[in-house]
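Listing of upload-v9.tsv; format and content: TSV, C-alpha atoms.
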```tsv
chain	number	residue	atom	x	y	z
C	435	MET	CA	-40.14	19.33	1.21
C	436	THR	CA	-40.68	20.25	4.82
C	437	ALA	CA	-41.14	23.90	5.64
C	438	PRO	CA	-38.37	25.53	7.71
C	439	GLU	CA	-38.78	25.19	11.45
C	440	GLY	CA	-39.06	27.99	13.99
C	441	ARG	CA	-36.18	30.13	15.15
C	442	GLY	CA	-35.45	28.86	18.67
C	443	ILE	CA	-31.77	28.01	19.20
C	444	ALA	CA	-31.46	24.24	18.92
C	445	GLU	CA	-28.66	21.82	19.64
C	446	HIS	CA	-27.16	20.01	16.68
C	447	ARG	CA	-29.57	17.25	15.71
C	448	HIS	CA	-28.80	13.59	16.29
C	449	HIS	CA	-29.15	12.07	12.84
C	450	SER	CA	-30.52	8.79	14.18
C	451	ALA	CA	-33.40	10.64	15.85
C	452	ASP	CA	-34.16	13.12	13.08
C	453	HIS	CA	-33.90	11.60	9.62
C	454	THR	CA	-33.71	14.83	7.68
C	455	PHE	CA	-31.06	16.64	5.67
C	456	ARG	CA	-31.03	20.41	5.76
C	457	ILE	CA	-29.46	22.52	2.99
C	458	LEU	CA	-28.77	26.18	3.77
C	459	HIS	CA	-28.01	28.67	0.98
C	460	VAL	CA	-26.21	31.84	2.07
C	461	SER	CA	-25.62	35.18	0.33
C	462	THR	CA	-25.44	38.77	1.61
C	463	GLY	CA	-28.92	40.29	1.75
C	464	ASN	CA	-30.96	37.10	1.24
C	465	VAL	CA	-33.05	38.87	-1.37
C	466	CYS	CA	-31.28	37.93	-4.66
C	467	ARG	CA	-28.81	35.05	-4.97
C	468	SER	CA	-29.76	32.83	-2.04
C	469	PRO	CA	-33.53	33.04	-2.66
C	470	ILE	CA	-32.93	32.07	-6.30
C	471	THR	CA	-30.71	29.18	-5.23
C	472	GLU	CA	-33.11	28.02	-2.51
C	473	ARG	CA	-36.18	27.97	-4.73
C	474	LEU	CA	-34.37	26.45	-7.74
C	475	THR	CA	-33.08	23.67	-5.46
C	476	ARG	CA	-36.57	22.96	-4.14
C	477	HIS	CA	-37.99	23.00	-7.65
C	478	ALA	CA	-35.33	20.62	-9.01
C	479	LEU	CA	-35.68	18.18	-6.11
C	480	ALA	CA	-39.45	18.03	-6.45
C	481	ASP	CA	-39.17	17.70	-10.22
C	482	ARG	CA	-36.90	14.66	-9.94
C	483	LEU	CA	-38.20	12.93	-6.83
C	484	GLY	CA	-41.80	14.05	-6.35
C	485	SER	CA	-43.08	15.57	-3.12
C	486	GLU	CA	-43.23	12.34	-1.11
C	487	ARG	CA	-39.55	11.42	-1.55
C	488	THR	CA	-38.34	14.95	-0.76
C	489	SER	CA	-40.00	14.97	2.67
C	490	GLY	CA	-36.65	14.49	4.44
C	491	LEU	CA	-34.93	17.30	2.54
C	492	ILE	CA	-35.25	20.81	3.96
C	493	VAL	CA	-33.99	23.69	1.82
C	494	GLU	CA	-33.75	27.23	3.16
C	495	SER	CA	-31.60	30.36	2.96
C	496	ALA	CA	-30.30	33.33	4.92
C	497	GLY	CA	-28.03	36.34	4.47
C	498	THR	CA	-24.90	37.44	6.30
C	499	TRP	CA	-26.43	40.93	6.23
C	500	GLY	CA	-29.92	39.60	5.67
C	501	HIS	CA	-32.84	41.94	5.12
C	502	GLU	CA	-35.03	40.38	7.80
C	503	GLY	CA	-38.62	40.01	6.64
C	504	ALA	CA	-38.00	41.59	3.22
C	505	PRO	CA	-39.42	40.09	0.02
C	506	MET	CA	-36.99	38.87	-2.60
C	507	GLU	CA	-36.04	41.34	-5.31
C	508	ALA	CA	-38.59	41.54	-8.14
C	509	HIS	CA	-36.01	40.55	-10.75
C	510	ALA	CA	-35.07	37.50	-8.66
C	511	ALA	CA	-38.72	36.46	-8.61
C	512	THR	CA	-38.88	36.89	-12.38
C	513	VAL	CA	-35.85	34.64	-12.82
C	514	LEU	CA	-37.49	31.94	-10.72
C	515	THR	CA	-40.68	32.20	-12.76
C	516	ASP	CA	-38.59	31.82	-15.93
C	517	PHE	CA	-37.40	28.45	-14.62
C	518	GLY	CA	-40.87	27.37	-13.52
C	519	ALA	CA	-40.00	27.70	-9.82
C	520	ASP	CA	-42.26	29.30	-7.22
C	521	PRO	CA	-41.08	32.65	-5.77
C	522	GLY	CA	-44.18	33.06	-3.58
C	523	GLY	CA	-44.15	33.63	0.16
C	524	PHE	CA	-40.45	34.32	0.52
C	525	LEU	CA	-39.17	36.50	3.37
C	526	GLY	CA	-35.53	37.41	3.90
C	527	ARG	CA	-33.64	36.25	6.99
C	528	GLU	CA	-30.48	37.29	8.75
C	529	LEU	CA	-28.05	34.40	9.20
C	530	LEU	CA	-28.18	33.18	12.80
C	531	ASP	CA	-26.22	30.61	14.77
C	532	GLU	CA	-29.19	28.27	14.76
C	533	HIS	CA	-29.23	28.12	10.95
C	534	VAL	CA	-25.61	26.97	10.88
C	535	ILE	CA	-26.12	24.56	13.78
C	536	ARG	CA	-29.01	22.84	12.02
C	537	ALA	CA	-27.53	22.75	8.53
C	538	ASP	CA	-26.09	19.52	7.13
C	539	LEU	CA	-24.80	21.37	4.06
C	540	VAL	CA	-24.16	25.11	3.70
C	541	LEU	CA	-23.73	26.43	0.14
C	542	THR	CA	-22.62	30.05	-0.16
C	543	ALA	CA	-22.54	32.48	-3.06
C	544	THR	CA	-18.92	33.55	-2.51
C	545	ARG	CA	-15.73	32.60	-0.68
C	546	ASP	CA	-16.28	35.53	1.67
C	547	HIS	CA	-19.68	34.18	2.68
C	548	ARG	CA	-18.09	30.76	3.22
C	549	ALA	CA	-15.47	32.30	5.50
C	550	GLN	CA	-18.15	34.16	7.46
C	551	VAL	CA	-20.15	30.98	8.03
C	552	ILE	CA	-17.08	29.02	9.12
C	553	SER	CA	-16.06	31.85	11.48
C	554	MET	CA	-19.34	31.37	13.35
C	555	GLY	CA	-18.03	28.02	14.61
C	556	HIS	CA	-20.36	25.08	15.21
C	557	SER	CA	-17.93	22.74	13.38
C	558	ALA	CA	-19.20	24.19	10.11
C	559	GLY	CA	-15.96	23.89	8.13
C	560	LEU	CA	-16.48	20.39	6.77
C	561	ARG	CA	-20.05	21.10	5.61
C	562	THR	CA	-19.67	24.60	4.19
C	563	PHE	CA	-18.72	25.22	0.55
C	564	THR	CA	-19.34	27.83	-2.08
C	565	LEU	CA	-21.97	26.57	-4.51
C	566	LYS	CA	-19.53	26.39	-7.41
C	567	GLU	CA	-16.86	24.75	-5.25
C	568	PHE	CA	-19.32	22.04	-4.23
C	569	THR	CA	-20.31	21.54	-7.86
C	570	ARG	CA	-16.67	21.05	-8.85
C	571	LEU	CA	-16.11	18.51	-6.09
C	572	VAL	CA	-19.36	16.65	-6.76
C	573	ARG	CA	-18.42	16.18	-10.42
C	574	ALA	CA	-15.35	14.23	-9.28
C	575	ILE	CA	-17.28	11.80	-7.05
C	576	ASP	CA	-18.22	8.42	-8.47
C	577	PRO	CA	-21.99	8.10	-7.83
C	578	ALA	CA	-21.54	4.33	-7.49
C	579	THR	CA	-19.70	4.99	-4.20
C	580	LEU	CA	-22.76	6.71	-2.69
C	581	PRO	CA	-25.70	4.98	-0.97
C	582	ASP	CA	-28.51	3.91	-3.28
C	583	PRO	CA	-31.35	6.43	-2.83
C	584	GLU	CA	-33.86	3.60	-3.28
C	585	GLU	CA	-32.57	1.68	-0.25
C	586	ALA	CA	-33.23	2.25	3.46
C	587	GLY	CA	-32.13	5.75	4.40
C	588	GLY	CA	-32.88	7.02	0.90
C	589	VAL	CA	-31.70	10.39	-0.30
C	590	VAL	CA	-30.90	11.58	3.23
C	591	ASP	CA	-28.14	9.01	3.72
C	592	ARG	CA	-26.95	9.64	0.18
C	593	ALA	CA	-26.78	13.38	0.82
C	594	ARG	CA	-24.73	12.93	4.00
C	595	ALA	CA	-22.30	10.63	2.21
C	596	LEU	CA	-21.99	13.15	-0.63
C	597	VAL	CA	-20.99	15.94	1.76
C	598	GLN	CA	-18.37	13.73	3.42
C	599	ALA	CA	-16.92	12.73	0.06
C	600	ALA	CA	-16.79	16.34	-1.12
C	601	ALA	CA	-15.05	17.47	2.07
C	602	ALA	CA	-12.42	14.75	1.59
C	603	LEU	CA	-11.69	16.01	-1.93
C	604	ARG	CA	-11.48	19.70	-1.09
C	605	GLY	CA	-7.69	19.89	-0.75
C	606	TRP	CA	-7.13	17.97	-3.97
C	607	LEU	CA	-9.39	19.78	-6.41
C	608	LEU	CA	-8.61	23.47	-6.21
C	609	ALA	CA	-10.37	26.18	-8.20
C	610	PRO	CA	-8.54	27.13	-11.42
C	611	THR	CA	-8.94	30.83	-10.53
C	612	GLU	CA	-10.17	32.81	-7.53
C	613	GLU	CA	-13.23	33.91	-9.50
C	614	ALA	CA	-14.22	30.35	-10.41
C	615	ASP	CA	-16.02	29.80	-7.10
C	616	GLU	CA	-17.90	33.13	-7.03
C	617	VAL	CA	-21.51	33.98	-7.87
C	618	HIS	CA	-21.59	37.76	-8.20
C	619	ASP	CA	-24.27	39.93	-6.64
C	620	PRO	CA	-26.92	41.18	-9.10
C	621	TYR	CA	-28.50	43.55	-6.56
C	622	GLY	CA	-29.53	46.75	-8.34
C	623	ALA	CA	-28.62	45.36	-11.77
C	624	PRO	CA	-31.00	45.09	-14.76
C	625	ILE	CA	-33.02	41.96	-15.40
C	626	THR	CA	-30.55	40.78	-18.04
C	627	PHE	CA	-27.82	40.46	-15.41
C	628	PHE	CA	-30.21	38.74	-13.00
C	629	ARG	CA	-31.01	36.22	-15.74
C	630	SER	CA	-27.30	35.55	-16.35
C	631	ILE	CA	-26.82	34.93	-12.62
C	632	GLY	CA	-29.89	32.70	-12.62
C	633	ASP	CA	-28.37	30.69	-15.47
C	634	GLU	CA	-25.08	30.38	-13.53
C	635	ILE	CA	-26.88	29.14	-10.43
C	636	HIS	CA	-29.05	26.73	-12.39
C	637	GLU	CA	-26.02	25.29	-14.18
C	638	ALA	CA	-24.13	24.86	-10.90
C	639	LEU	CA	-27.10	23.24	-9.16
C	640	ASP	CA	-27.81	20.64	-11.83
C	641	PRO	CA	-24.92	18.23	-11.01
C	642	VAL	CA	-25.47	18.79	-7.29
C	643	VAL	CA	-29.14	17.79	-7.46
C	644	THR	CA	-28.27	14.85	-9.71
C	645	ALA	CA	-25.69	13.64	-7.19
C	646	LEU	CA	-28.05	14.14	-4.25
C	647	THR	CA	-30.95	12.29	-5.82
C	648	GLY	CA	-29.33	9.85	-8.23
C	649	VAL	CA	-31.78	11.15	-10.82
C	650	PRO	CA	-30.54	13.15	-13.83
C	651	ALA	CA	-32.38	16.22	-15.05
C	652	PRO	CA	-35.30	15.50	-17.36
C	653	ALA	CA	-34.40	15.76	-21.04
```
Conversion result in structure tokens:
Amino acid sequence: MTAPEGRGIAEHRHHSADHTFRILHVSTGNVCRSPITERLTRHALADRLGSERTSGLIVESAGTWGHEGAPMEAHAATVLTDFGADPGGFLGRELLDEHVIRADLVLTATRDHRAQVISMGHSAGLRTFTLKEFTRLVRAIDPATLPDPEEAGGVVDRARALVQAAAALRGWLLAPTEEADEVHDPYGAPITFFRSIGDEIHEALDPVVTALTGVPAPA
């Protein structure tokens, strides 16, 4: 996967000129939930596709009240290590306009984060979901209706089609409860709670990564 670019404000990319797909994970401080989600996503994509085929997929994170330059919480790093993912080199970021402008898919920890991203503008509404909301919508999409990841355009075209299909379903598949779309903040909690949140995130990501790649999780 390509490393995140610099921080200069950029216009929204023309897809024909830049064949990449950028996933942005958003939480509050960008030291617990979104770092876990970012690194688990990268790990799962590499595990299923290998490094060469993930070159067009860029996965990053930021926080609505991001601790700029801070390392992720130690318990968050432990959770990532438990899953075999790499916590190294992470630095927190405050969510900026440029992150939303560049993102093809924004996945947030909570409905409040989703609302904050959408309130920033940049036509973000159709590409911003809570993680669990996106998982629910993805489960309802027939993978046969998505582009074949082995054909021209690969996983990037498939990912764009997946986001469009999920956005079209949003008004039809509502959450059973308000809490169903939330990933709660483990900041300051013991490692056991961090691990339960890590399990929640991992479980929610699995069908998303399968839909993005067309490759199920290894047995």
Just the number, please: distance in Å from atom CA of C:Gly526 to atom CA of C:Phe628, one decimal.
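Distance reported for this atom pair: 17.8 Å.
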Got a sec: who's within 9 Å of C:Ala609, counting all atoms listed in the file, leaving out chain neighbours fewer than 5 positions off, as a list in words?
Glu567, Arg570, Ala614 and Asp615 of chain C
So that I can check the surroundings of C:Pro581, please list as a list in words every protein, DNA and RNA residue that reaches within 9 Å of it, counting all atoms listed in the file and ignoring chain neighbours fewer than 6 positions away.
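Once the adjacent positions are removed, what remains is Gly587, Gly588, Val589, Asp591, Arg592, Ala593, Ala595 and Leu596 of chain C.
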Which protein, DNA or RNA residues have an atom at most 9 Å from (-35.6, 25.6, -9.6), counting all atoms listed in the file? List them as a list in words.
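Returned residue set, sorted by chain then number, is Ile470, Thr471, Glu472, Arg473, Leu474, Thr475, Arg476, His477, Ala478, Leu479, Asp481, Leu514, Thr515, Phe517, Gly518, Ala519, Asp520, His636 and Leu639 of chain C.
Distance-wise, atom CA of C:Leu571 and atom CA of C:Gly605 end up 10.1 Å apart.
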Counting all atoms listed in the file, which residues in stretch 474-542 of chain C sit no more than 8 Å from stretch 462-467 of chain C? For each one, give the nearest pair of atoms and the distance in Å, sorted by chain then residue number, as CSV.
```
residue,atom,partner,partner_atom,distance
C:Ser495,CA,C:Asn464,CA,7.0
C:Ala496,CA,C:Asn464,CA,5.3
C:Gly497,CA,C:Asn464,CA,4.4
C:Thr498,CA,C:Thr462,CA,4.9
C:Trp499,CA,C:Gly463,CA,5.2
C:Gly500,CA,C:Gly463,CA,4.1
C:His501,CA,C:Gly463,CA,5.4
C:Ala504,CA,C:Val465,CA,7.3
C:Pro505,CA,C:Val465,CA,6.6
C:Met506,CA,C:Val465,CA,4.1
C:Glu507,CA,C:Val465,CA,5.5
C:Ala510,CA,C:Cys466,CA,5.5
C:Gly526,CA,C:Asn464,CA,5.3
C:Arg527,CA,C:Asn464,CA,6.4
C:Glu528,CA,C:Asn464,CA,7.5
```
With only C-alpha atoms as the basis for distance, which of C:Pro469, C:Val649, C:Ala574, C:Ser553 is at the shortest distance from C:Thr512?
C:Pro469
Of the candidates C:Val460, C:His453, C:Leu539, C:Thr647, which one gets nearest to C:Leu580 if we count all atoms listed in the file?
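When distances to C:Leu580 are compared using all atoms listed in the file, the smallest one comes from C:Thr647.
As for atom CA of C:Leu607 and atom CA of C:Lys566, they are spaced 12.1 Å apart.
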Show me the residues close to (-27.9, 34.8, -14.3) - anything with an atom within 10 Å, counting all atoms listed in the file - and format the list as an NGL selection string.
:C and (467 or 470 or 510 or 513 or 617-620 or 625-637)
List the neighbours of C:Thr488 out to 8 Å using all atoms listed in the file; skip same-chain residues closer than 4 positions along the sequence, and give me the result as a list of chain:residue names.
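Surrounding residues, per the criterion: C:Met435, C:Leu479, C:Ala480, C:Leu483, C:Gly484.
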Residues from the last selection, C-alpha atoms, saved as a PDB file, keeping the file's coordinate frame:
```
ATOM      1  CA  MET C 435     -40.140  19.330   1.210  1.00  0.00           C
ATOM      2  CA  LEU C 479     -35.680  18.180  -6.110  1.00  0.00           C
ATOM      3  CA  ALA C 480     -39.450  18.030  -6.450  1.00  0.00           C
ATOM      4  CA  LEU C 483     -38.200  12.930  -6.830  1.00  0.00           C
ATOM      5  CA  GLY C 484     -41.800  14.050  -6.350  1.00  0.00           C
TER       6      GLY C 484
END
```
C:Arg456 surroundings by all atoms listed in the file, 6 Å radius, close-in-sequence under 6 positions cut, as a count of residues only:
5
Would you compute, for all listed atoms of stretch 476-495 of chain C, the axis-aligned bounding box grown by 4 Å on each side, and then report its centre and edge lengths in Å rounded to one decimal, as JSON?
```
{"center_x": -37.4, "center_y": 20.9, "center_z": -2.9, "size_x": 19.6, "size_y": 26.9, "size_z": 22.7}
```
Identify which of the residues C:Ile575, C:Glu613, C:Ala653, C:Arg594 lies closest to C:Arg545, counting all atoms listed in the file when measuring atom-to-atom distances.
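Answer, going by the shortest atom-to-atom distance: C:Glu613.
Proximity to C:Phe524 was assessed for C:Thr611, C:Thr454, C:Thr644, C:Ser468 counting all atoms listed in the file; the smallest distance is recorded for C:Ser468.
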Selected residue, from C:Pro652, C:Phe568, C:Glu616, C:Glu494, that lies nearest to C:Asp546 when counting only C-alpha atoms:
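Among the listed residues, C:Glu616 lies closest to C:Asp546.
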With distances taken over only C-alpha atoms, which residue among C:Ser489, C:Leu529, C:Thr569, C:Ala601 lies nearest C:Phe455?
C:Ser489
Long-range neighbours of C:Ala558 as a list in words, 12 Å cut-off, only C-alpha atoms, 4 positions minimum in chain:
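Using only C-alpha atoms, the neighbours found are His446, Leu458, Asp531, Glu532, His533, Val534, Ile535, Arg536, Ala537, Asp538, Leu539, Val540, Leu541, Arg548, Ala549, Gln550, Val551, Ile552, Ser553, Met554, Thr562, Phe563, Val597 and Ala601 of chain C.
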